[in-house]
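Q: Please read through the structure below; I'll follow up with questions.
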Amino acid sequence: MTIILDVRDVYKRFGGIEALKGVSFSVRRGERVGLIGPNGAGKTTLFNIISGIYMPDRGRVIYKGVDITGWPAYRRSRAGIARTFQIVRPLANLTVLNNVIVGALLRTNDIREARERAMEAIDMVGLAGKEDILAKDLNLIEKKRLELARALATQPELLLLDEIAAGLRPREVDDLVYTLLEISKRGITIIMVEHVMRAVMNFAERVIVLHFGEKIAEGTPREVASNKLVIEAYMGTGG
Ligand SMILES: Nc1ncnc2c1ncn2[C@@H]1O[C@H](COP(=O)(O)OP(=O)(O)OP(=O)(O)O)[C@@H](O)[C@H]1O
């Protein structure tokens, strides 16, 4: 199986805080990976480094065999790396369709193609029929689906989800995981940063655990859930 992403010995410091201390891992094409860890473990920082918002102090990010460590975010987006954000901020006064078209336009300048991609993405996330609703009139789960559609409209090969299940009820979490599994079946590689264990355990094939900027465990959801270091990390911080 081909490796789509290879994070090699990545370090990142913010002033006196070492947010990442030599993190390495690989992700296979089409894989579903969960990235967990207590608050402040470095998960979002790692996403920011993969998506090009931050540069690492040391280490490399290899995507599809190419060293993209120095690439700006827009270039990574065009190369097929997309992400959703922890706090969903759709353009409130635009319709669902126009919000997703804005996403699609990151990848193409052709408005007709952008519209087509947007309609496909809206369908994939289960918002078909809601194209003309204003984003501000959606409920939380619909806003999450819209955020997902905006990322999908860029036609990603690698999708980074930052706490997409936060704030949802268990039933909504399960519905969203179902949608994500369907998206994964299309061959899109997904890395999920998540505190909602119900989502990670039902979605991920493999889970990577960060704690104080270091990878402390990696394995199937069942393996990491019973890992002593992981249990101690969560108990120690209350995270
Ligand atoms: N831009 C920044 N400036 C200063 N410190 C930062 C910055 N971004 C992250 N940090 C610090 O780096 C550490 C890792 O933060 P990060 O947000 O990556 O953790 P996280 O695992 O995503 O946490 P959470 O689960 O709470 O979102 C924290 O101590 C945080 O305060």
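All residue names refer to the structure tokens as shown: chains lettered A, B, ... in order, residues numbered from 1 in each chain, ligands numbered from 1 in order.
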So which residues touch A:Ala204 within 9 Å, counting only C-alpha atoms, skipping near sequence neighbours fewer than 6 positions away, as a list in words?
A: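 In the requested form, the answer reads Glu31, Arg32, Val33, Gly34, Ile190, Ile191, Met192, Thr220 and Pro221 of chain A.
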Q: For ligand 1, return the neighbouring residues as a list in words (distance at most 6 Å; only C-alpha atoms and all ligand atoms).
A: Phe14, Ala19, Pro38, Asn39, Gly40, Ala41, Gly42, Lys43, Thr44 and Thr45 of chain A
Q: Taking 4 positions as the minimum chain separation for residues in the same chain, which residues sit within 10 Å of A:Ile62 when counting only C-alpha atoms? Answer as JSON, numbers by chain.
A: {"A": [3, 4, 5, 6, 7, 8, 26, 50, 66, 67, 68, 69]}
Q: When you count only C-alpha atoms, which of these residues is closest to A:Leu158: A:Pro72, A:Gly129, A:Gly30, A:Pro90?
A: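 The answer is A:Gly30, which sits nearest to A:Leu158.
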Q: Select, from A:Glu120, A:Glu218, A:Asp132, A:Glu163, the residue with the minimum atom-to-atom distance to A:Phe25, counting only C-alpha atoms.
A: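 Looking at the shortest contact to A:Phe25, the residue is A:Glu218.
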Q: Run DSSP on the backbone and tell me which residues of stretch 5-176 of chain A come out as strand (DSSP E or B); list them as number ranges by chain.
A: A: 5-14, 17-28, 32-36, 58-63, 66-67, 81-83, 95, 134, 158-162
Q: Could you check how far atom CA of A:Ile81 sits from atom CA of A:Arg171, in Å to one decimal?
A: 28.8 Å
Q: Would you return as an MDAnalysis selection string the members of stretch 135-173 of chain A that DSSP assigns to alpha helix (DSSP H) on this structure's backbone?
A: chainID A and resid 140:152 170:173
Q: Quick one: of A:Gly103, A:Gly22, A:Gly37, A:Pro156, who's nearest to A:His195, counting only C-alpha atoms?
A: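 Using only C-alpha atoms, A:His195 sits closest to A:Gly37.
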Q: Pick the closest to A:Leu97 from A:Arg29, A:Lys12, A:Arg115, A:Arg83: which is it, counting only C-alpha atoms?
A: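 Using only C-alpha atoms, A:Leu97 sits closest to A:Arg115.
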Q: Considering only C-alpha atoms, return as a PyMOL selection string whatever protein or nucleic-acid residues lie within 8 Å of A:Gln155, sequence-local ones (same chain, fewer than 6 positions apart) excluded.
A: chain A and resi 80+104+107+117
Q: Between A:Leu105, A:Ala217, A:Leu161, A:Ile188, which has the minimum distance to A:Arg28 (counting only C-alpha atoms)?
A: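 When distances to A:Arg28 are compared using only C-alpha atoms, the smallest one comes from A:Ile188.
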Q: At a cut-off of 7 Å, using only C-alpha atoms, what residues contact A:Ala165? Leave out same-chain residues fewer than 6 positions from it and give the result as a ChimeraX atom specification.
A: /A:173,196,199
Q: Could those selected residues go to a file with C-alpha atoms, as a compact mmCIF listing (two decimals), in the first residue's frame?
A:
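Final file, result.txt:
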```txt
# COMPACT_ATOMS: atom_id res chain seq x y z
CA VAL A 173 -21.94 11.72 16.19
CA VAL A 196 -15.12 12.58 21.28
CA ALA A 199 -16.29 9.17 17.02
```
Q: Could you give me, as a PyMOL selection string, the residues within 9 Å of A:Pro170, counting only C-alpha atoms and dropping anything in the same chain fewer than 4 positions from it?
A: chain A and resi 174-175+198-199
Q: Given the choices A:Arg150, A:Ile164, A:Arg58, A:Ser51, which gets closest to A:Trp71 if the distance is worked out from only C-alpha atoms?
A: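 Selected residue with least distance to A:Trp71: A:Ser51.
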Q: Could you give me, as a ChimeraX atom specification, the residues within 10 Å of A:Tyr11, counting only C-alpha atoms and dropping anything in the same chain fewer than 2 positions from it?
A: /A:8-9,13,18-24,46,49,55-60,213-214
